[in-house]
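Heads up, data_15.cif below (mmCIF, N, CA and C atoms and all ligand atoms):
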data_data
loop_
_atom_site.label_atom_id
_atom_site.label_comp_id
_atom_site.auth_asym_id
_atom_site.auth_seq_id
_atom_site.Cartn_x
_atom_site.Cartn_y
_atom_site.Cartn_z
N MET A 5 35.75 45.10 -15.42
CA MET A 5 34.48 44.86 -14.73
C MET A 5 33.45 44.28 -15.68
N LEU A 6 33.37 44.90 -16.83
CA LEU A 6 32.43 44.42 -17.83
C LEU A 6 32.79 43.01 -18.29
N ARG A 7 34.06 42.81 -18.40
CA ARG A 7 34.57 41.51 -18.81
C ARG A 7 34.21 40.44 -17.77
N LEU A 8 34.43 40.77 -16.50
CA LEU A 8 34.12 39.83 -15.41
C LEU A 8 32.63 39.47 -15.41
N ARG A 9 31.83 40.52 -15.61
CA ARG A 9 30.38 40.29 -15.59
C ARG A 9 29.96 39.32 -16.71
N SER A 10 30.52 39.50 -17.90
CA SER A 10 30.13 38.61 -19.00
C SER A 10 30.66 37.19 -18.78
N VAL A 11 31.82 37.10 -18.12
CA VAL A 11 32.34 35.77 -17.79
C VAL A 11 31.42 35.10 -16.79
N LEU A 12 30.98 35.90 -15.80
CA LEU A 12 30.09 35.35 -14.78
C LEU A 12 28.77 34.88 -15.36
N SER A 13 28.22 35.69 -16.27
CA SER A 13 26.92 35.29 -16.83
C SER A 13 27.07 34.09 -17.77
N LEU A 14 28.22 34.02 -18.41
CA LEU A 14 28.47 32.85 -19.24
C LEU A 14 28.58 31.60 -18.35
N LEU A 15 29.27 31.78 -17.22
CA LEU A 15 29.43 30.69 -16.26
C LEU A 15 28.06 30.22 -15.76
N LEU A 16 27.21 31.21 -15.50
CA LEU A 16 25.87 30.90 -15.00
C LEU A 16 25.10 30.06 -16.03
N VAL A 17 25.23 30.43 -17.29
CA VAL A 17 24.56 29.69 -18.36
C VAL A 17 25.07 28.26 -18.41
N VAL A 18 26.41 28.12 -18.29
CA VAL A 18 27.01 26.78 -18.34
C VAL A 18 26.52 25.93 -17.18
N VAL A 19 26.53 26.55 -15.97
CA VAL A 19 26.09 25.81 -14.78
C VAL A 19 24.63 25.40 -14.90
N THR A 20 23.79 26.34 -15.33
CA THR A 20 22.37 26.05 -15.48
C THR A 20 22.14 24.92 -16.48
N THR A 21 22.85 24.99 -17.59
CA THR A 21 22.72 23.96 -18.61
C THR A 21 23.12 22.58 -18.06
N LEU A 22 24.24 22.58 -17.32
CA LEU A 22 24.70 21.33 -16.73
C LEU A 22 23.67 20.77 -15.76
N LEU A 23 23.13 21.65 -14.90
CA LEU A 23 22.14 21.23 -13.91
C LEU A 23 20.92 20.62 -14.59
N VAL A 24 20.45 21.30 -15.63
CA VAL A 24 19.26 20.84 -16.32
C VAL A 24 19.51 19.49 -17.00
N SER A 25 20.67 19.40 -17.68
CA SER A 25 20.92 18.15 -18.41
C SER A 25 21.23 16.99 -17.47
N CYS A 26 21.83 17.31 -16.29
CA CYS A 26 22.15 16.24 -15.35
C CYS A 26 20.93 15.79 -14.56
N SER A 27 20.06 16.75 -14.22
CA SER A 27 18.97 16.38 -13.32
C SER A 27 17.78 15.79 -14.05
N SER A 28 17.58 16.11 -15.33
CA SER A 28 16.35 15.64 -15.98
C SER A 28 16.19 14.11 -16.03
N PRO A 29 17.26 13.32 -16.26
CA PRO A 29 17.02 11.87 -16.28
C PRO A 29 16.60 11.32 -14.92
N THR A 30 17.17 11.86 -13.81
CA THR A 30 16.83 11.33 -12.49
C THR A 30 15.46 11.81 -12.02
N VAL A 31 15.04 12.99 -12.51
CA VAL A 31 13.74 13.52 -12.12
C VAL A 31 12.62 12.74 -12.80
N LYS A 32 12.93 12.16 -13.95
CA LYS A 32 11.91 11.44 -14.71
C LYS A 32 11.34 10.28 -13.87
N VAL A 33 10.04 10.28 -13.70
CA VAL A 33 9.36 9.28 -12.89
C VAL A 33 8.61 8.33 -13.84
N PRO A 34 8.76 7.01 -13.63
CA PRO A 34 8.04 6.09 -14.51
C PRO A 34 6.53 6.25 -14.35
N ASP A 35 5.82 6.29 -15.45
CA ASP A 35 4.37 6.45 -15.34
C ASP A 35 3.61 5.30 -15.99
N THR A 36 4.34 4.24 -16.34
CA THR A 36 3.68 3.05 -16.87
C THR A 36 4.32 1.81 -16.26
N TYR A 37 3.61 0.70 -16.30
CA TYR A 37 4.14 -0.55 -15.80
C TYR A 37 4.82 -1.31 -16.93
N THR A 38 6.09 -1.67 -16.73
CA THR A 38 6.81 -2.50 -17.69
C THR A 38 6.40 -3.95 -17.47
N PRO A 39 6.60 -4.84 -18.48
CA PRO A 39 6.29 -6.26 -18.29
C PRO A 39 7.03 -6.85 -17.08
N ASP A 40 8.28 -6.42 -16.88
CA ASP A 40 9.06 -6.88 -15.71
C ASP A 40 8.37 -6.52 -14.41
N ARG A 41 7.91 -5.27 -14.35
CA ARG A 41 7.26 -4.79 -13.14
C ARG A 41 5.95 -5.54 -12.90
N ILE A 42 5.22 -5.81 -13.98
CA ILE A 42 3.96 -6.55 -13.85
C ILE A 42 4.21 -7.94 -13.26
N SER A 43 5.27 -8.63 -13.73
CA SER A 43 5.50 -9.98 -13.21
C SER A 43 5.98 -9.92 -11.76
N GLN A 44 6.69 -8.83 -11.42
CA GLN A 44 7.09 -8.62 -10.02
C GLN A 44 5.84 -8.43 -9.13
N ILE A 45 4.91 -7.64 -9.63
CA ILE A 45 3.67 -7.40 -8.88
C ILE A 45 2.89 -8.70 -8.71
N GLN A 46 2.86 -9.53 -9.78
CA GLN A 46 2.15 -10.82 -9.70
C GLN A 46 2.70 -11.68 -8.58
N THR A 47 4.02 -11.67 -8.41
CA THR A 47 4.65 -12.44 -7.33
C THR A 47 4.18 -11.93 -5.97
N PHE A 48 4.18 -10.60 -5.80
CA PHE A 48 3.77 -10.03 -4.52
C PHE A 48 2.27 -10.15 -4.29
N MET A 49 1.52 -10.39 -5.37
CA MET A 49 0.07 -10.53 -5.23
C MET A 49 -0.33 -11.89 -4.65
N VAL A 50 0.54 -12.91 -4.74
CA VAL A 50 0.18 -14.26 -4.28
C VAL A 50 -0.27 -14.25 -2.80
N PRO A 51 0.57 -13.76 -1.87
CA PRO A 51 0.11 -13.75 -0.48
C PRO A 51 -1.04 -12.77 -0.25
N VAL A 52 -1.13 -11.73 -1.10
CA VAL A 52 -2.18 -10.74 -0.91
C VAL A 52 -3.55 -11.32 -1.34
N GLU A 53 -3.54 -12.12 -2.42
CA GLU A 53 -4.78 -12.80 -2.84
C GLU A 53 -5.23 -13.77 -1.74
N GLU A 54 -4.27 -14.45 -1.10
CA GLU A 54 -4.60 -15.35 0.01
C GLU A 54 -5.22 -14.57 1.16
N ALA A 55 -4.65 -13.40 1.42
CA ALA A 55 -5.16 -12.56 2.51
C ALA A 55 -6.57 -12.06 2.19
N LYS A 56 -6.84 -11.85 0.91
CA LYS A 56 -8.18 -11.43 0.49
C LYS A 56 -9.20 -12.53 0.84
N GLU A 57 -8.81 -13.80 0.61
CA GLU A 57 -9.66 -14.93 1.03
C GLU A 57 -9.74 -14.98 2.55
N GLY A 58 -8.62 -14.67 3.20
CA GLY A 58 -8.59 -14.62 4.66
C GLY A 58 -9.55 -13.59 5.22
N MET A 59 -9.73 -12.47 4.50
CA MET A 59 -10.68 -11.45 4.94
C MET A 59 -12.10 -12.02 4.97
N ALA A 60 -12.42 -12.90 4.00
CA ALA A 60 -13.74 -13.54 3.96
C ALA A 60 -13.90 -14.47 5.17
N THR A 61 -12.84 -15.23 5.50
CA THR A 61 -12.87 -16.11 6.66
C THR A 61 -13.09 -15.28 7.93
N LEU A 62 -12.35 -14.19 8.04
CA LEU A 62 -12.48 -13.30 9.19
C LEU A 62 -13.91 -12.76 9.28
N GLY A 63 -14.48 -12.43 8.13
CA GLY A 63 -15.86 -11.92 8.08
C GLY A 63 -16.87 -12.92 8.63
N LYS A 64 -16.61 -14.21 8.36
CA LYS A 64 -17.51 -15.25 8.89
C LYS A 64 -17.43 -15.30 10.41
N PHE A 65 -16.22 -15.22 10.95
CA PHE A 65 -16.06 -15.25 12.41
C PHE A 65 -16.79 -14.06 13.04
N VAL A 66 -16.66 -12.90 12.41
CA VAL A 66 -17.31 -11.70 12.94
C VAL A 66 -18.83 -11.86 12.90
N LYS A 67 -19.33 -12.38 11.76
CA LYS A 67 -20.77 -12.56 11.58
C LYS A 67 -21.33 -13.54 12.61
N ASP A 68 -20.53 -14.56 12.95
CA ASP A 68 -20.95 -15.57 13.94
C ASP A 68 -20.70 -15.11 15.38
N ASN A 69 -20.23 -13.88 15.54
CA ASN A 69 -19.84 -13.38 16.88
C ASN A 69 -18.84 -14.32 17.55
N ASN A 70 -17.99 -14.91 16.73
CA ASN A 70 -16.96 -15.82 17.23
C ASN A 70 -15.70 -14.97 17.52
N TRP A 71 -15.68 -14.37 18.70
CA TRP A 71 -14.63 -13.38 19.01
C TRP A 71 -13.26 -14.01 19.25
N ILE A 72 -13.26 -15.24 19.73
CA ILE A 72 -11.96 -15.91 19.97
C ILE A 72 -11.25 -16.15 18.65
N ASP A 73 -11.98 -16.75 17.68
CA ASP A 73 -11.37 -17.00 16.37
C ASP A 73 -11.07 -15.70 15.63
N THR A 74 -11.92 -14.69 15.82
CA THR A 74 -11.66 -13.38 15.20
C THR A 74 -10.30 -12.86 15.64
N ARG A 75 -10.06 -12.87 16.94
CA ARG A 75 -8.80 -12.34 17.47
C ARG A 75 -7.61 -13.23 17.11
N THR A 76 -7.83 -14.54 17.15
CA THR A 76 -6.75 -15.47 16.79
C THR A 76 -6.34 -15.27 15.33
N TYR A 77 -7.35 -15.02 14.49
CA TYR A 77 -7.08 -14.85 13.06
C TYR A 77 -6.27 -13.58 12.79
N ILE A 78 -6.64 -12.50 13.48
CA ILE A 78 -5.92 -11.23 13.30
C ILE A 78 -4.45 -11.38 13.73
N HIS A 79 -4.23 -12.08 14.83
CA HIS A 79 -2.86 -12.21 15.34
C HIS A 79 -2.08 -13.32 14.67
N GLY A 80 -2.80 -14.34 14.12
CA GLY A 80 -2.12 -15.48 13.50
C GLY A 80 -1.91 -15.31 12.02
N PRO A 81 -2.87 -15.80 11.19
CA PRO A 81 -2.70 -15.73 9.72
C PRO A 81 -2.41 -14.32 9.19
N PHE A 82 -2.92 -13.29 9.88
CA PHE A 82 -2.69 -11.92 9.41
C PHE A 82 -1.41 -11.31 9.99
N GLY A 83 -0.64 -12.14 10.68
CA GLY A 83 0.58 -11.65 11.32
C GLY A 83 1.58 -11.03 10.35
N PHE A 84 1.63 -11.57 9.12
CA PHE A 84 2.59 -11.07 8.13
C PHE A 84 1.93 -10.18 7.07
N LEU A 85 0.64 -9.91 7.28
CA LEU A 85 -0.11 -9.17 6.26
C LEU A 85 0.47 -7.79 5.98
N ARG A 86 0.85 -7.08 7.04
CA ARG A 86 1.36 -5.73 6.84
C ARG A 86 2.63 -5.74 5.98
N ARG A 87 3.52 -6.71 6.25
CA ARG A 87 4.74 -6.84 5.46
C ARG A 87 4.39 -7.14 4.00
N ASP A 88 3.47 -8.11 3.79
CA ASP A 88 3.10 -8.50 2.43
C ASP A 88 2.47 -7.35 1.66
N LEU A 89 1.61 -6.59 2.33
CA LEU A 89 0.96 -5.46 1.66
C LEU A 89 1.96 -4.36 1.35
N THR A 90 2.94 -4.18 2.23
CA THR A 90 3.96 -3.14 2.00
C THR A 90 4.85 -3.51 0.82
N TYR A 91 5.21 -4.79 0.70
CA TYR A 91 5.97 -5.24 -0.47
C TYR A 91 5.20 -4.90 -1.75
N LEU A 92 3.91 -5.19 -1.72
CA LEU A 92 3.08 -4.91 -2.89
C LEU A 92 3.05 -3.41 -3.18
N ALA A 93 2.82 -2.60 -2.14
CA ALA A 93 2.74 -1.14 -2.31
C ALA A 93 4.01 -0.59 -2.94
N ASN A 94 5.16 -1.15 -2.55
CA ASN A 94 6.45 -0.67 -3.05
C ASN A 94 6.67 -0.97 -4.53
N THR A 95 5.88 -1.86 -5.12
CA THR A 95 6.02 -2.16 -6.54
C THR A 95 5.09 -1.29 -7.40
N LEU A 96 4.22 -0.51 -6.75
CA LEU A 96 3.27 0.32 -7.52
C LEU A 96 3.94 1.59 -8.01
N LEU A 97 3.32 2.24 -8.97
CA LEU A 97 3.83 3.50 -9.50
C LEU A 97 3.89 4.53 -8.36
N PRO A 98 4.87 5.44 -8.41
CA PRO A 98 4.99 6.43 -7.34
C PRO A 98 3.68 7.17 -7.05
N SER A 99 2.90 7.43 -8.09
CA SER A 99 1.64 8.15 -7.90
C SER A 99 0.63 7.35 -7.08
N ASP A 100 0.73 6.01 -7.12
CA ASP A 100 -0.21 5.17 -6.37
C ASP A 100 0.36 4.69 -5.04
N LYS A 101 1.69 4.73 -4.93
CA LYS A 101 2.34 4.14 -3.76
C LYS A 101 1.92 4.82 -2.45
N ALA A 102 1.89 6.16 -2.46
CA ALA A 102 1.54 6.89 -1.23
C ALA A 102 0.11 6.56 -0.80
N GLN A 103 -0.78 6.50 -1.77
CA GLN A 103 -2.18 6.16 -1.45
C GLN A 103 -2.27 4.74 -0.91
N ALA A 104 -1.51 3.84 -1.52
CA ALA A 104 -1.50 2.43 -1.07
C ALA A 104 -1.03 2.35 0.38
N LYS A 105 0.01 3.12 0.73
CA LYS A 105 0.52 3.08 2.10
C LYS A 105 -0.49 3.66 3.09
N ASP A 106 -1.20 4.70 2.67
CA ASP A 106 -2.26 5.25 3.54
C ASP A 106 -3.34 4.20 3.77
N LEU A 107 -3.71 3.46 2.71
CA LEU A 107 -4.75 2.44 2.83
C LEU A 107 -4.28 1.30 3.75
N ILE A 108 -3.00 0.94 3.67
CA ILE A 108 -2.46 -0.11 4.54
C ILE A 108 -2.57 0.35 6.01
N ASP A 109 -2.21 1.62 6.28
CA ASP A 109 -2.37 2.15 7.64
C ASP A 109 -3.82 2.07 8.09
N GLU A 110 -4.72 2.42 7.16
CA GLU A 110 -6.17 2.37 7.44
C GLU A 110 -6.59 0.94 7.80
N ILE A 111 -6.21 -0.02 6.95
CA ILE A 111 -6.60 -1.42 7.17
C ILE A 111 -6.18 -1.85 8.57
N PHE A 112 -4.93 -1.51 8.95
CA PHE A 112 -4.44 -1.98 10.24
C PHE A 112 -5.04 -1.24 11.41
N SER A 113 -5.42 0.02 11.23
CA SER A 113 -6.09 0.65 12.37
C SER A 113 -7.50 0.06 12.53
N HIS A 114 -8.16 -0.31 11.42
CA HIS A 114 -9.47 -0.98 11.55
C HIS A 114 -9.31 -2.35 12.20
N LEU A 115 -8.28 -3.09 11.82
CA LEU A 115 -8.09 -4.43 12.40
C LEU A 115 -7.76 -4.33 13.89
N GLU A 116 -6.99 -3.30 14.26
CA GLU A 116 -6.69 -3.11 15.70
C GLU A 116 -7.96 -2.80 16.47
N ARG A 117 -8.80 -1.95 15.89
CA ARG A 117 -10.06 -1.60 16.56
C ARG A 117 -11.02 -2.79 16.58
N LEU A 118 -10.99 -3.60 15.51
CA LEU A 118 -11.79 -4.83 15.48
C LEU A 118 -11.33 -5.77 16.60
N ASP A 119 -10.03 -5.91 16.74
CA ASP A 119 -9.46 -6.76 17.78
C ASP A 119 -9.93 -6.29 19.16
N ALA A 120 -9.86 -4.98 19.39
CA ALA A 120 -10.28 -4.43 20.69
C ALA A 120 -11.78 -4.63 20.92
N ALA A 121 -12.58 -4.42 19.87
CA ALA A 121 -14.03 -4.58 20.00
C ALA A 121 -14.41 -6.04 20.21
N ALA A 122 -13.68 -6.96 19.54
CA ALA A 122 -13.94 -8.39 19.71
C ALA A 122 -13.64 -8.80 21.15
N LYS A 123 -12.60 -8.22 21.72
CA LYS A 123 -12.22 -8.50 23.10
C LYS A 123 -13.35 -8.10 24.06
N GLU A 124 -14.07 -7.02 23.67
CA GLU A 124 -15.19 -6.52 24.49
C GLU A 124 -16.52 -7.13 24.08
N ASN A 125 -16.50 -8.11 23.16
CA ASN A 125 -17.73 -8.71 22.61
C ASN A 125 -18.68 -7.64 22.06
N ASN A 126 -18.14 -6.61 21.44
CA ASN A 126 -18.96 -5.52 20.92
C ASN A 126 -19.32 -5.79 19.45
N VAL A 127 -20.55 -6.26 19.24
CA VAL A 127 -21.00 -6.67 17.91
C VAL A 127 -20.99 -5.49 16.93
N ALA A 128 -21.57 -4.35 17.33
CA ALA A 128 -21.72 -3.21 16.42
C ALA A 128 -20.37 -2.69 15.94
N ILE A 129 -19.45 -2.47 16.88
CA ILE A 129 -18.14 -1.92 16.49
C ILE A 129 -17.34 -2.96 15.71
N SER A 130 -17.38 -4.22 16.14
CA SER A 130 -16.66 -5.27 15.41
C SER A 130 -17.12 -5.33 13.96
N THR A 131 -18.44 -5.30 13.77
CA THR A 131 -18.99 -5.39 12.42
C THR A 131 -18.57 -4.19 11.57
N SER A 132 -18.66 -2.98 12.13
CA SER A 132 -18.33 -1.81 11.31
C SER A 132 -16.82 -1.73 11.04
N GLU A 133 -15.99 -2.10 12.02
CA GLU A 133 -14.54 -2.06 11.77
C GLU A 133 -14.14 -3.11 10.74
N TYR A 134 -14.80 -4.27 10.78
CA TYR A 134 -14.51 -5.30 9.77
C TYR A 134 -14.87 -4.77 8.38
N ARG A 135 -16.06 -4.18 8.26
CA ARG A 135 -16.50 -3.65 6.95
C ARG A 135 -15.55 -2.58 6.43
N ASN A 136 -15.10 -1.71 7.33
CA ASN A 136 -14.17 -0.65 6.92
C ASN A 136 -12.83 -1.23 6.48
N ALA A 137 -12.35 -2.24 7.21
CA ALA A 137 -11.08 -2.89 6.83
C ALA A 137 -11.22 -3.51 5.44
N LEU A 138 -12.37 -4.17 5.22
CA LEU A 138 -12.60 -4.83 3.93
C LEU A 138 -12.67 -3.81 2.79
N SER A 139 -13.34 -2.68 3.02
CA SER A 139 -13.46 -1.72 1.92
C SER A 139 -12.10 -1.04 1.63
N ASP A 140 -11.29 -0.84 2.67
CA ASP A 140 -9.95 -0.29 2.43
C ASP A 140 -9.06 -1.31 1.72
N PHE A 141 -9.26 -2.59 2.04
CA PHE A 141 -8.51 -3.66 1.36
C PHE A 141 -8.88 -3.67 -0.13
N ASP A 142 -10.18 -3.57 -0.41
CA ASP A 142 -10.64 -3.53 -1.82
C ASP A 142 -10.09 -2.31 -2.55
N ALA A 143 -10.06 -1.16 -1.85
CA ALA A 143 -9.53 0.06 -2.46
C ALA A 143 -8.05 -0.11 -2.79
N LEU A 144 -7.32 -0.81 -1.91
CA LEU A 144 -5.90 -1.08 -2.16
C LEU A 144 -5.75 -1.96 -3.40
N LEU A 145 -6.58 -3.01 -3.50
CA LEU A 145 -6.49 -3.91 -4.66
C LEU A 145 -6.85 -3.19 -5.96
N ASP A 146 -7.70 -2.16 -5.86
CA ASP A 146 -8.06 -1.38 -7.04
C ASP A 146 -6.86 -0.62 -7.62
N LEU A 147 -5.84 -0.38 -6.79
CA LEU A 147 -4.64 0.33 -7.27
C LEU A 147 -3.72 -0.59 -8.07
N VAL A 148 -3.92 -1.91 -7.92
CA VAL A 148 -3.07 -2.87 -8.62
C VAL A 148 -3.47 -2.91 -10.09
N PRO A 149 -2.51 -2.81 -11.02
CA PRO A 149 -2.87 -2.84 -12.44
C PRO A 149 -3.59 -4.15 -12.80
N ALA A 150 -4.59 -4.04 -13.66
CA ALA A 150 -5.44 -5.19 -13.99
C ALA A 150 -4.64 -6.38 -14.49
N GLU A 151 -3.56 -6.12 -15.25
CA GLU A 151 -2.75 -7.21 -15.82
C GLU A 151 -2.11 -8.06 -14.73
N ALA A 152 -1.94 -7.49 -13.53
CA ALA A 152 -1.22 -8.19 -12.46
C ALA A 152 -2.14 -8.85 -11.44
N SER A 153 -3.45 -8.56 -11.52
CA SER A 153 -4.34 -9.18 -10.53
C SER A 153 -4.99 -10.42 -11.13
N ALA A 154 -5.05 -11.47 -10.30
CA ALA A 154 -5.51 -12.78 -10.76
C ALA A 154 -7.00 -12.78 -11.06
N SER A 155 -7.76 -11.99 -10.28
CA SER A 155 -9.21 -12.03 -10.44
C SER A 155 -9.70 -10.94 -11.38
ZN ZN B 1 -10.68 3.22 6.60
#

Do you think you could lay out the structure here as C-alpha cells?
Amino acid sequence: MLRLRSVLSLLLVVVTTLLVSCSSPTVKVPDTYTPDRISQIQTFMVPVEEAKEGMATLGKFVKDNNWIDTRTYIHGPFGFLRRDLTYLANTLLPSDKAQAKDLIDEIFSHLERLDAAAKENNVAISTSEYRNALSDFDALLDLVPAEASAS
C-alpha cells in the first residue's frame, strides 16, 4: 500500500511536470509587434486609411443634409469596410484585438443608425451617429502601433 502510494505520487509529479513543460510554450502570448507583423499591419492599413478619408467624405454629405449620397456611401464605398477592419483587427496583439472588434461593432451600429436616420431626414440623429462612428473609428486607429500607421 505504501509502495503504491509513493508510485502514485511520483506519477503525479511526472504528469504535472509534463503538463507544465508542454503547456507553457503554447500559453505564451506575444506581447510585442515583430517587424514582420508591422509590415503585415501596414498592408491591412491601406484600405483602412482610405476608409478614414471616406469618413470625411461621408461627414460632408451629413453636414450638407445630403441624405441620398449619405446612404449611397454607406452601402457603396463602405460595403467592404467591415471586412477590411476585421482583417486589421486580427493582426493586432491579443490584448487589443477584442477591443478592436468591439469598436468595429460600434462603428457599424452607428452607421446603421445613421443610415436609418438619413432615410428619415433626421438631422440631429444623423449628425450624432456620424460623430459617434467617427470617434469609434479614431479609437480603433489608436490601437494600431505607431510604426504601422501612415499618419
Ligand atoms: Zn460608439

**Study point:** Within 7 Å of Asn136 of chain A using only N, CA and C atoms, minus same-chain residues under 5 positions, as JSON, numbers by chain
**Key:** {"A": [110, 111, 114, 131, 141]}

Study note, to complete from the structure: atom N of Leu118 of chain A sits from atom CA of Ala143 of chain A at a separation of 18.4 Å

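In this structure, atom CA of Pro81 of chain A sits 29.4 Å away from atom CA of Asp40 of chain A.
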
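Note that the spacing between atom CA of Ile45 of chain A and atom C of Asp88 of chain A amounts to 10.6 Å.
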
Check your understanding: So which residues touch Ser130 of chain A within 8 Å, counting only N, CA and C atoms, skipping near sequence neighbours fewer than 2 positions away, as a list in words?
Key -> Val66, Lys67, Arg117, Leu118, Asp119, Ala120, Ala121, Ala122, Asn125, Asn126, Val127, Ala128, Ser132, Glu133, Tyr134, Arg135 and Asn136 of chain A

Practice item. List the neighbours of Leu62 of chain A out to 8 Å using all atoms listed in the file; skip same-chain residues closer than 3 positions along the sequence, and give me the result as a PyMOL selection string. Key: chain A and resi 57-59+65-68+73-74+77-78+134

With all atoms of segment 114-127 of chain A from the file as input, state the centre and edge lengths in Å to one decimal of the axis-aligned box that has 4 Å extra on each side, as AutoDock Vina command-line options.
--center_x -13.8 --center_y -4.6 --center_z 18.0 --size_x 22.3 --size_y 16.5 --size_z 21.1

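Neighbours of Phe48 of chain A closer than or equal to 10 Å, with only C-alpha atoms counted and sequence neighbours fewer than 4 positions away skipped, come out as A:Ile42, A:Ser43, A:Gln44, A:Val52, A:Glu53, A:Asp88, A:Leu89, A:Thr90, A:Tyr91, A:Leu92, A:Ala93, A:Asn94, A:Thr95, A:Ala152.
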
Selection above as a file: N, CA and C atoms, as a short mmCIF file (atom, residue, chain, number, x, y, z; two decimals), in the coordinates of the input:
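Done, and the output landed in selection28.cif:
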data_model
loop_
_atom_site.label_atom_id
_atom_site.label_comp_id
_atom_site.auth_asym_id
_atom_site.auth_seq_id
_atom_site.Cartn_x
_atom_site.Cartn_y
_atom_site.Cartn_z
N ILE A 42 5.22 -5.81 -13.98
CA ILE A 42 3.96 -6.55 -13.85
C ILE A 42 4.21 -7.94 -13.26
N SER A 43 5.27 -8.63 -13.73
CA SER A 43 5.50 -9.98 -13.21
C SER A 43 5.98 -9.92 -11.76
N GLN A 44 6.69 -8.83 -11.42
CA GLN A 44 7.09 -8.62 -10.02
C GLN A 44 5.84 -8.43 -9.13
N VAL A 52 -1.13 -11.73 -1.10
CA VAL A 52 -2.18 -10.74 -0.91
C VAL A 52 -3.55 -11.32 -1.34
N GLU A 53 -3.54 -12.12 -2.42
CA GLU A 53 -4.78 -12.80 -2.84
C GLU A 53 -5.23 -13.77 -1.74
N ASP A 88 3.47 -8.11 3.79
CA ASP A 88 3.10 -8.50 2.43
C ASP A 88 2.47 -7.35 1.66
N LEU A 89 1.61 -6.59 2.33
CA LEU A 89 0.96 -5.46 1.66
C LEU A 89 1.96 -4.36 1.35
N THR A 90 2.94 -4.18 2.23
CA THR A 90 3.96 -3.14 2.00
C THR A 90 4.85 -3.51 0.82
N TYR A 91 5.21 -4.79 0.70
CA TYR A 91 5.97 -5.24 -0.47
C TYR A 91 5.20 -4.90 -1.75
N LEU A 92 3.91 -5.19 -1.72
CA LEU A 92 3.08 -4.91 -2.89
C LEU A 92 3.05 -3.41 -3.18
N ALA A 93 2.82 -2.60 -2.14
CA ALA A 93 2.74 -1.14 -2.31
C ALA A 93 4.01 -0.59 -2.94
N ASN A 94 5.16 -1.15 -2.55
CA ASN A 94 6.45 -0.67 -3.05
C ASN A 94 6.67 -0.97 -4.53
N THR A 95 5.88 -1.86 -5.12
CA THR A 95 6.02 -2.16 -6.54
C THR A 95 5.09 -1.29 -7.40
N ALA A 152 -1.94 -7.49 -13.53
CA ALA A 152 -1.22 -8.19 -12.46
C ALA A 152 -2.14 -8.85 -11.44
#

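Nearest to ligand ZN 1 (chain B) of all the residues A:Ala60, A:Val50, A:Leu138, A:Ala55 is A:Leu138, counting all atoms listed in the file.
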
**Study point:** Nearest residue to ligand ZN 1 (chain B) from the set A:Glu54, A:Glu151, A:Glu124, A:Asp106 (distances using all atoms listed in the file)
**Key:** A:Asp106

Practice item. Select from segment 69-130 of chain A everything DSSP, run on the backbone, classes as alpha helix (DSSP H), then give the selection as a ChimeraX atom specification. Key: /A:71-79,85-94,98-123,127-130

Check your understanding: Between A:Gln103, A:Ser113, A:Thr61, A:Thr36, which has the minimum distance to ligand ZN 1 (chain B) (counting all atoms listed in the file)?
Key -> A:Ser113
